[in-house]
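Contents: one structure, followed by commentary.
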Amino acid sequence: MSKPLPIVKCGHPVLRTRAREVPAEELRTEEFRKLVRKMVDAMRAAPGVGLAAPQIGVDQRVIVLEDAERLMSKLSPAERAARGRVPVPLTCIVNPVLTLVRTEPVTFFEGCLSVPGFMALVERAVEVRVTGTNEKGEPIDWTVSGWPARILQHECDHLEGTLYVDRMLTRTFGANDEVLARWAAMDPADVRARLARPGAEGA
Ligand code: ZN
């Protein structure tokens, strides 16, 4: 196996561009199969639970996601339940179209492989529907809530040139080690209150 491709970091314009639709005739080609393979390898090597093609420098509307038991082993059962974090088998979605099904916001810390070393609270819709095809061109129509819904919103944002830092509660932005040591286990509402601008109502 060749070395995984490096993840493109924020500051690169490919992360700030609307990615191109993948034409149907490109699916099932050897080149496209290789692209998906490279995305999966880069995601697993990071490790991450999702990756969009622009994150390996490819301007195409393709995302992959996979969440495994070992990646959530540091969360308590209560933290898992609050996040709706459940294993997700490896899934590739081409030309995903995301719609928000239930928009009531859920707020948790989120990070991005393209903004390494940091996390912030981000409000996301609790439930989404995604349509598109898999890498073979077979239709996908998936309605999901909880953590997979967060991953899908994050990855589909990448295809629009949007990063989580555009949506985060800016005062909760912090270095991973500080966030994990001080804030990650706390109720997100309390984190917002504690980090609010002094004298203001919320972060
Ligand atoms: Zn990201």
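By convention in this document, the chains of the structure tokens carry letters A, B, ... by their order, each chain's residues are numbered from 1, and ligands are numbered from 1 in the order they are shown.
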Practice prompt. Please provide as an MDAnalysis selection string all residues within 9 Å of A:Arg192, with the sequence filter that same-chain residues fewer than 3 positions apart are discarded (counting only C-alpha atoms).
Written response: chainID A and resid 121 169 171:172 187:189 195:196 202:203
Report the closest atom pair, with its distance in Å rounded to one decimal, for each residue of chain A that has an atom no farther than 12 Å from ligand 1; count only C-alpha atoms and all ligand atoms, sort by chain and then rising residue number, and write it as CSV.
residue,atom,partner,partner_atom_place_in_ligand_line,distance
A:Ile7,CA,ligand 1,1 (Zn),9.9
A:Val8,CA,ligand 1,1 (Zn),10.0
A:Lys9,CA,ligand 1,1 (Zn),9.5
A:Cys10,CA,ligand 1,1 (Zn),9.5
A:Leu15,CA,ligand 1,1 (Zn),9.3
A:Arg16,CA,ligand 1,1 (Zn),11.9
A:Met43,CA,ligand 1,1 (Zn),10.6
A:Ala46,CA,ligand 1,1 (Zn),11.7
A:Gly48,CA,ligand 1,1 (Zn),9.1
A:Val49,CA,ligand 1,1 (Zn),9.6
A:Gly50,CA,ligand 1,1 (Zn),7.5
A:Leu51,CA,ligand 1,1 (Zn),6.6
A:Ala52,CA,ligand 1,1 (Zn),7.4
A:Ala53,CA,ligand 1,1 (Zn),10.4
A:Pro54,CA,ligand 1,1 (Zn),9.7
A:Gln55,CA,ligand 1,1 (Zn),7.6
A:Ile56,CA,ligand 1,1 (Zn),11.1
A:Ile63,CA,ligand 1,1 (Zn),10.6
A:Val64,CA,ligand 1,1 (Zn),11.4
A:Leu65,CA,ligand 1,1 (Zn),11.3
A:Glu110,CA,ligand 1,1 (Zn),9.1
A:Gly111,CA,ligand 1,1 (Zn),6.9
A:Cys112,CA,ligand 1,1 (Zn),3.8
A:Leu113,CA,ligand 1,1 (Zn),5.5
A:Ser114,CA,ligand 1,1 (Zn),5.7
A:Val115,CA,ligand 1,1 (Zn),7.4
A:Pro116,CA,ligand 1,1 (Zn),9.4
A:Phe118,CA,ligand 1,1 (Zn),11.5
A:Met119,CA,ligand 1,1 (Zn),11.0
A:Arg150,CA,ligand 1,1 (Zn),11.0
A:Ile151,CA,ligand 1,1 (Zn),8.8
A:Leu152,CA,ligand 1,1 (Zn),10.3
A:Gln153,CA,ligand 1,1 (Zn),9.9
A:His154,CA,ligand 1,1 (Zn),6.1
A:Glu155,CA,ligand 1,1 (Zn),6.2
A:Cys156,CA,ligand 1,1 (Zn),9.3
A:Asp157,CA,ligand 1,1 (Zn),8.3
A:His158,CA,ligand 1,1 (Zn),6.6
A:Leu159,CA,ligand 1,1 (Zn),10.1
A:Glu160,CA,ligand 1,1 (Zn),11.7
A:Gly161,CA,ligand 1,1 (Zn),10.4
A:Thr162,CA,ligand 1,1 (Zn),9.0
A:Leu163,CA,ligand 1,1 (Zn),6.5
A:Tyr164,CA,ligand 1,1 (Zn),7.0
A:Val165,CA,ligand 1,1 (Zn),9.7
A:Asp166,CA,ligand 1,1 (Zn),11.6
Discussion item. As an MDAnalysis selection string, please: every residue in chain A that DSSP puts in helix (DSSP H, G or I).
Written reply: chainID A and resid 13:16 24:26 30:45 53:56 69:72 77:83 147:159 164:166 170:172 176:182 188:194
Discussion item. I need the residue nearest A:Ala149 from this list: A:Leu100, A:Val191, A:Met168, A:Ala120. Use only C-alpha atoms for the distance.
Written reply: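 Under the stated criterion, the closest residue is A:Leu100.
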Worksheet item: If you run DSSP on the backbone, which residues of stretch 50-179 of chain A are strand (DSSP E), as JSON, numbers by chain?
Response: {"A": [50, 51, 52, 62, 63, 64, 65, 66, 67, 88, 89, 90, 91, 92, 93, 94, 95, 96, 97, 98, 99, 100, 101, 102, 103, 104, 105, 106, 107, 108, 109, 110, 118, 119, 120, 121, 122, 123, 124, 125, 126, 127, 128, 129, 130, 131, 132, 133, 139, 140, 141, 142, 143, 144, 145, 174, 175]}
Discussion item. Show me, as a ChimeraX atom specification, the residues that have an atom within 10 Å of A:Thr99 when counting only C-alpha atoms, minus same-chain residues fewer than 2 positions from it.
Written reply: /A:96-97,101-103,125,127-131,143,153
